[in-house]
file start_29.txt (compact mmCIF, C-alpha atoms and all ligand atoms)
# COMPACT_ATOMS: atom_id res chain seq x y z
CA MET A 1099 43.58 22.81 -84.76
CA SER A 1100 43.75 19.09 -84.22
CA GLY A 1101 43.40 15.99 -86.31
CA PRO A 1102 44.68 12.47 -86.17
CA SER A 1103 48.17 11.63 -87.32
CA GLY A 1104 48.13 10.99 -91.06
CA VAL A 1105 45.03 13.11 -91.78
CA GLY A 1106 47.14 15.52 -93.83
CA LYS A 1107 47.22 18.46 -91.40
CA GLY A 1108 50.65 19.58 -92.55
CA THR A 1109 49.65 19.72 -96.22
CA VAL A 1110 46.39 21.55 -95.46
CA LEU A 1111 48.21 24.06 -93.26
CA ASN A 1112 50.88 24.73 -95.88
CA LYS A 1113 48.13 25.38 -98.41
CA LEU A 1114 46.33 27.65 -95.96
CA ARG A 1115 49.46 29.72 -95.36
CA GLU A 1116 49.97 30.37 -99.07
CA GLY A 1117 48.72 33.91 -99.58
CA ASN A 1118 47.87 34.33 -95.89
CA PRO A 1119 51.04 35.73 -94.33
CA ASN A 1120 49.13 36.89 -91.26
CA ILE A 1121 48.65 33.29 -90.17
CA VAL A 1122 51.70 32.04 -88.28
CA PRO A 1123 52.03 28.50 -87.04
CA SER A 1124 53.22 28.12 -83.50
CA ILE A 1125 56.44 26.09 -83.23
CA SER A 1126 56.15 23.40 -80.57
CA ALA A 1127 58.80 21.79 -78.44
CA THR A 1128 58.96 18.01 -78.50
CA THR A 1129 60.97 15.09 -77.21
CA ARG A 1130 60.24 12.94 -80.27
CA PRO A 1131 63.23 12.23 -82.51
CA PRO A 1132 63.43 14.43 -85.62
CA ARG A 1133 62.24 12.95 -88.93
CA VAL A 1134 64.16 13.54 -92.16
CA GLU A 1135 61.87 16.42 -93.12
CA ASP A 1136 62.21 18.13 -89.72
CA THR A 1137 64.31 21.24 -89.14
CA GLU A 1138 65.21 22.47 -85.67
CA GLY A 1139 63.43 25.72 -84.91
CA VAL A 1140 61.23 25.45 -88.02
CA THR A 1141 59.09 22.35 -87.57
CA TYR A 1142 59.86 21.83 -83.88
CA PHE A 1143 62.30 22.68 -81.12
CA PHE A 1144 63.77 19.29 -80.27
CA LYS A 1145 64.35 18.72 -76.55
CA THR A 1146 65.59 15.97 -74.27
CA VAL A 1147 63.13 14.72 -71.65
CA PRO A 1148 64.95 16.55 -68.79
CA GLU A 1149 64.97 19.78 -70.84
CA PHE A 1150 61.26 19.41 -71.53
CA LEU A 1151 60.42 18.69 -67.89
CA LYS A 1152 62.42 21.77 -66.87
CA MET A 1153 60.38 23.89 -69.29
CA ILE A 1154 57.18 22.56 -67.70
CA ASP A 1155 58.51 23.48 -64.23
CA GLU A 1156 59.41 26.95 -65.41
CA GLY A 1157 55.89 27.54 -66.75
CA LYS A 1158 57.13 28.00 -70.31
CA PHE A 1159 54.20 26.15 -71.92
CA MET A 1160 50.74 27.35 -72.80
CA GLU A 1161 49.79 23.66 -72.83
CA TRP A 1162 51.61 20.38 -73.16
CA ALA A 1163 50.65 16.72 -73.58
CA GLU A 1164 52.12 13.26 -73.92
CA PHE A 1165 51.36 11.75 -77.31
CA SER A 1166 52.52 8.31 -78.47
CA GLU A 1167 55.18 8.15 -75.72
CA ASN A 1168 56.68 11.59 -76.38
CA TYR A 1169 56.09 15.04 -74.95
CA TYR A 1170 54.82 17.95 -77.02
CA GLY A 1171 54.21 21.51 -75.84
CA THR A 1172 53.30 24.98 -77.09
CA PRO A 1173 55.75 27.71 -76.01
CA LEU A 1174 53.75 30.50 -74.39
CA GLU A 1175 56.07 33.38 -75.22
CA TYR A 1176 56.09 32.72 -78.97
CA VAL A 1177 52.29 32.64 -79.11
CA GLU A 1178 51.87 35.78 -77.01
CA SER A 1179 54.39 37.87 -78.92
CA ASN A 1180 52.78 36.98 -82.27
CA LEU A 1181 49.28 37.69 -80.98
CA ASN A 1182 50.52 41.03 -79.64
CA ALA A 1183 51.93 41.79 -83.08
CA GLY A 1184 48.40 41.32 -84.50
CA ARG A 1185 48.98 37.97 -86.17
CA ASP A 1186 46.70 34.93 -86.16
CA VAL A 1187 48.50 32.11 -84.40
CA LEU A 1188 47.70 28.61 -85.47
CA LEU A 1189 48.30 25.84 -82.96
CA GLU A 1190 48.52 22.41 -84.49
CA ILE A 1191 48.16 20.28 -81.38
CA ASP A 1192 46.76 16.97 -80.26
CA VAL A 1193 43.27 16.55 -78.83
CA GLN A 1194 44.38 16.37 -75.19
CA GLY A 1195 46.23 19.68 -75.54
CA ALA A 1196 43.33 21.38 -77.32
CA LEU A 1197 40.83 20.19 -74.73
CA LYS A 1198 43.09 21.44 -71.93
CA LEU A 1199 43.05 24.88 -73.54
CA ARG A 1200 39.29 24.70 -74.00
CA ASP A 1201 38.78 23.69 -70.38
CA SER A 1202 40.89 26.62 -69.21
CA ASN A 1203 38.71 28.95 -71.32
CA THR A 1204 41.52 29.93 -73.63
CA GLU A 1205 39.93 32.06 -76.31
CA GLY A 1206 40.27 30.54 -79.73
CA VAL A 1207 38.58 28.81 -82.61
CA TYR A 1208 38.79 25.06 -82.21
CA ILE A 1209 38.91 23.16 -85.50
CA PHE A 1210 39.14 19.41 -85.99
CA ILE A 1211 40.46 18.03 -89.28
CA ALA A 1212 38.92 14.63 -89.90
CA PRO A 1213 39.70 11.90 -92.41
CA GLU A 1214 37.02 10.30 -94.56
CA ASN A 1215 37.61 7.05 -92.68
CA LEU A 1216 40.25 5.13 -90.70
CA ASP A 1217 41.50 3.15 -93.71
CA VAL A 1218 42.59 6.37 -95.39
CA LEU A 1219 44.58 7.25 -92.26
CA ARG A 1220 46.30 3.90 -92.04
CA GLU A 1221 47.24 4.07 -95.73
CA ARG A 1222 48.65 7.57 -95.39
CA LEU A 1223 50.63 6.66 -92.29
CA SER A 1224 52.23 3.61 -93.89
CA GLY A 1225 52.60 5.38 -97.25
CA ARG A 1226 54.69 8.24 -95.86
CA GLY A 1227 57.19 5.74 -94.48
CA THR A 1228 58.24 7.87 -91.51
CA GLU A 1229 56.96 5.51 -88.78
CA ASP A 1230 57.58 1.83 -88.13
CA THR A 1231 54.71 -0.68 -87.84
CA GLU A 1232 54.53 -0.42 -84.06
CA GLU A 1233 54.38 3.39 -84.18
CA ILE A 1234 51.74 3.28 -86.94
CA GLU A 1235 49.55 1.02 -84.80
CA ARG A 1236 50.02 3.32 -81.80
CA ARG A 1237 49.01 6.31 -83.92
CA VAL A 1238 45.96 4.54 -85.39
CA LYS A 1239 44.88 3.69 -81.81
CA ALA A 1240 45.35 7.33 -80.82
CA ALA A 1241 43.35 8.36 -83.91
CA GLU A 1242 40.43 6.13 -82.93
CA TRP A 1243 40.21 7.90 -79.59
CA GLU A 1244 40.76 11.35 -81.10
CA LEU A 1245 37.88 10.84 -83.50
CA THR A 1246 35.54 10.22 -80.56
CA GLN A 1247 36.43 13.72 -79.30
CA MET A 1248 35.69 15.74 -82.43
CA ASN A 1249 32.33 16.93 -81.18
CA ASN A 1250 34.17 19.01 -78.57
CA TYR A 1251 35.42 21.28 -81.36
CA ASP A 1252 33.73 24.34 -82.85
CA TYR A 1253 34.20 23.06 -86.40
CA ILE A 1254 34.92 19.79 -88.17
CA VAL A 1255 36.61 19.97 -91.55
CA ILE A 1256 36.89 16.74 -93.54
CA ASN A 1257 40.07 16.58 -95.56
CA ARG A 1258 39.02 15.14 -98.91
CA VAL A 1259 40.67 17.64 -101.22
CA VAL A 1260 43.48 19.73 -99.72
CA GLU A 1261 42.52 22.98 -101.47
CA ASP A 1262 38.91 22.68 -100.29
CA ALA A 1263 39.89 21.96 -96.70
CA ALA A 1264 42.29 24.93 -96.66
CA ARG A 1265 39.60 27.21 -98.11
CA GLU A 1266 37.08 26.03 -95.52
CA ILE A 1267 39.50 26.81 -92.71
CA LYS A 1268 40.23 30.24 -94.17
CA ASN A 1269 36.48 30.92 -94.26
CA ILE A 1270 36.15 29.83 -90.63
CA ILE A 1271 38.95 32.21 -89.59
CA ASP A 1272 37.41 35.12 -91.52
CA GLU A 1273 33.95 34.39 -90.15
CA ASN A 1274 35.24 34.39 -86.58
CA LYS A 1275 37.20 37.58 -87.09
CA ALA A 1276 34.06 39.26 -88.40
CA LYS A 1277 32.24 38.16 -85.26
P1 LIG B 1 54.05 14.45 -84.94
O1 LIG B 1 54.94 13.57 -84.12
O2 LIG B 1 53.34 13.68 -86.00
O3 LIG B 1 54.77 15.68 -85.46
O4 LIG B 1 52.92 15.00 -83.96
C1 LIG B 1 52.14 14.11 -83.21
C2 LIG B 1 50.95 14.81 -82.61
O5 LIG B 1 51.38 15.79 -81.68
C3 LIG B 1 50.09 15.54 -83.63
O6 LIG B 1 48.74 15.26 -83.34
C4 LIG B 1 50.40 17.01 -83.37
O7 LIG B 1 49.29 17.83 -83.67
C5 LIG B 1 50.65 16.98 -81.88
N1 LIG B 1 51.41 18.14 -81.40
C6 LIG B 1 52.40 18.82 -82.02
N2 LIG B 1 52.81 19.85 -81.27
C7 LIG B 1 52.04 19.83 -80.14
C8 LIG B 1 51.97 20.66 -78.98
O8 LIG B 1 52.68 21.65 -78.82
N3 LIG B 1 51.06 20.33 -78.04
C9 LIG B 1 50.23 19.25 -78.17
N4 LIG B 1 49.37 19.02 -77.20
N5 LIG B 1 50.26 18.45 -79.25
C10 LIG B 1 51.16 18.74 -80.23

call {"tool": "encode", "arguments": {"input": "start_29.txt", "output": "structure tokens"}}
result
Amino acid sequence: MSGPSGVGKGTVLNKLREGNPNIVPSISATTRPPRVEDTEGVTYFFKTVPEFLKMIDEGKFMEWAEFSENYYGTPLEYVESNLNAGRDVLLEIDVQGALKLRDSNTEGVYIFIAPENLDVLRERLSGRGTEDTEEIERRVKAAEWELTQMNNYDYIVINRVVEDAAREIKNIIDENKAK
């Protein structure tokens, strides 16, 4: 699952997980500094750049990408062990990472969460107060590019009302399982 920064992915995913214990989010590694709401090993595994580069060398990532001047990557082992245990693993990753997986024919359902428009994004990003002006601008720029890529996904879900978006995603998962 991808969607521009500020689209409300976190809120939608939390809603989706309520009552769906079989859906486990993958926990990424990143070199970005933790935010107040971050917890090591829960939201991310926080790494230094050398640590992250070493993990790349050792083949520890299913995919990785550079986003807004930081590295982010999906640990392979965590995803595989959960899939083997019969769980649905949800990767919340940027567009470059998702397209890399797509291009390597990684089986999955690719969902893009879109905002109603760019103004909504900008407002959410400044409203949450976790990024400075420069970082907000960088993320809005990234969002503009990401939105041009949404047709490469299997599904586009517009996040207007959180509950509706979460329900739509749940339906998509069920539909694909039935297939
Ligand atoms: P944030 O800094 O806001 O937590 O995340 C920034 C962006 O990085 C978001 O679009 C998020 O989906 C993406 N991201 C988080 N983890 C990963 C990952 O493991 N791989 C990739 N490619 N992107 C990630």

call {"tool": "closest_residue", "arguments": {"input": "start_29.txt", "among": "A:Tyr1169, A:Tyr1176, A:Tyr1253, A:Trp1243", "to": "Thr1146 of chain A", "atoms": "all atoms listed in the file"}}
result
A:Tyr1169

call {"tool": "atom_distance", "arguments": {"input": "start_29.txt", "atom1": "atom P1 of ligand LIG 1 (chain B)", "atom2": "atom CA of Ile1270 of chain A"}}
result
24.3 Å

call {"tool": "residues_around", "arguments": {"input": "start_29.txt", "residues": "segment 1147-1160 of chain A", "least_positions_apart": "6", "cutoff": "6 Å", "atoms": "all atoms listed in the file", "output": "list in words"}}
result
Thr1129, Thr1172, Pro1173 and Leu1174 of chain A

call {"tool": "closest_residue", "arguments": {"input": "start_29.txt", "among": "A:Ala1127, A:Ile1211, A:Val1255, A:Ile1121", "to": "ligand LIG 1 (chain B)", "atoms": "all atoms listed in the file"}}
result
A:Ala1127

call {"tool": "axis_aligned_box", "arguments": {"input": "start_29.txt", "around": "ligand LIG 1 (chain B)", "padding_each_side": "5 Å", "output": "AutoDock Vina command-line options"}}
result
--center_x 51.8 --center_y 17.6 --center_z -81.6 --size_x 16.2 --size_y 18.1 --size_z 18.8

call {"tool": "atom_distance", "arguments": {"input": "start_29.txt", "atom1": "atom CA of Ile1254 of chain A", "atom2": "atom CA of Phe1210 of chain A"}}
result
4.8 Å

call {"tool": "atom_distance", "arguments": {"input": "start_29.txt", "atom1": "atom C8 of ligand LIG 1 (chain B)", "atom2": "atom CA of Arg1222 of chain A"}}
result
21.3 Å

call {"tool": "residues_near_point", "arguments": {"input": "start_29.txt", "point": "(60.0, 23.2, -89.1)", "cutoff": "12 Å", "atoms": "all atoms listed in the file", "output": "ChimeraX atom specification"}}
result
/A:1108,1112,1123-1128,1132-1144

call {"tool": "closest_residue", "arguments": {"input": "start_29.txt", "among": "A:Lys1239, A:Arg1226, A:Arg1130, A:Lys1107", "to": "Ala1263 of chain A", "atoms": "only C-alpha atoms"}}
result
A:Lys1107

call {"tool": "closest_residue", "arguments": {"input": "start_29.txt", "among": "A:Ile1234, A:Ile1209, A:Val1193, A:Ile1267", "to": "ligand LIG 1 (chain B)", "atoms": "only C-alpha atoms and all ligand atoms"}}
result
A:Val1193

call {"tool": "residues_near_point", "arguments": {"input": "start_29.txt", "point": "(47.2, 35.2, -94.2)", "cutoff": "12 Å", "atoms": "only C-alpha atoms", "output": "short mmCIF file (atom, residue, chain, number, x, y, z; two decimals) with C-alpha atoms, in the frame of the given file"}}
result
data_model
loop_
_atom_site.label_atom_id
_atom_site.label_comp_id
_atom_site.auth_asym_id
_atom_site.auth_seq_id
_atom_site.Cartn_x
_atom_site.Cartn_y
_atom_site.Cartn_z
CA LEU A 1111 48.21 24.06 -93.26
CA ASN A 1112 50.88 24.73 -95.88
CA LYS A 1113 48.13 25.38 -98.41
CA LEU A 1114 46.33 27.65 -95.96
CA ARG A 1115 49.46 29.72 -95.36
CA GLU A 1116 49.97 30.37 -99.07
CA GLY A 1117 48.72 33.91 -99.58
CA ASN A 1118 47.87 34.33 -95.89
CA PRO A 1119 51.04 35.73 -94.33
CA ASN A 1120 49.13 36.89 -91.26
CA ILE A 1121 48.65 33.29 -90.17
CA VAL A 1122 51.70 32.04 -88.28
CA PRO A 1123 52.03 28.50 -87.04
CA GLY A 1184 48.40 41.32 -84.50
CA ARG A 1185 48.98 37.97 -86.17
CA ASP A 1186 46.70 34.93 -86.16
CA VAL A 1187 48.50 32.11 -84.40
CA LEU A 1188 47.70 28.61 -85.47
CA ALA A 1264 42.29 24.93 -96.66
CA ARG A 1265 39.60 27.21 -98.11
CA ILE A 1267 39.50 26.81 -92.71
CA LYS A 1268 40.23 30.24 -94.17
CA ASN A 1269 36.48 30.92 -94.26
CA ILE A 1271 38.95 32.21 -89.59
CA ASP A 1272 37.41 35.12 -91.52
#

call {"tool": "residues_around", "arguments": {"input": "start_29.txt", "residues": "Arg1258 of chain A", "least_positions_apart": "3", "cutoff": "12 Å", "atoms": "all atoms listed in the file", "output": "NGL selection string"}}
result
:A and (1105-1107 or 1109-1110 or 1211-1215 or 1218-1219 or 1255 or 1261-1264 or 1266)

call {"tool": "closest_residue", "arguments": {"input": "start_29.txt", "among": "A:Gly1104, A:Leu1199, A:Gln1194, A:Met1248", "to": "Gly1225 of chain A", "atoms": "all atoms listed in the file"}}
result
A:Gly1104

call {"tool": "closest_residue", "arguments": {"input": "start_29.txt", "among": "A:Val1238, A:Val1207, A:Ala1183, A:Leu1216", "to": "ligand LIG 1 (chain B)", "atoms": "all atoms listed in the file"}}
result
A:Val1238
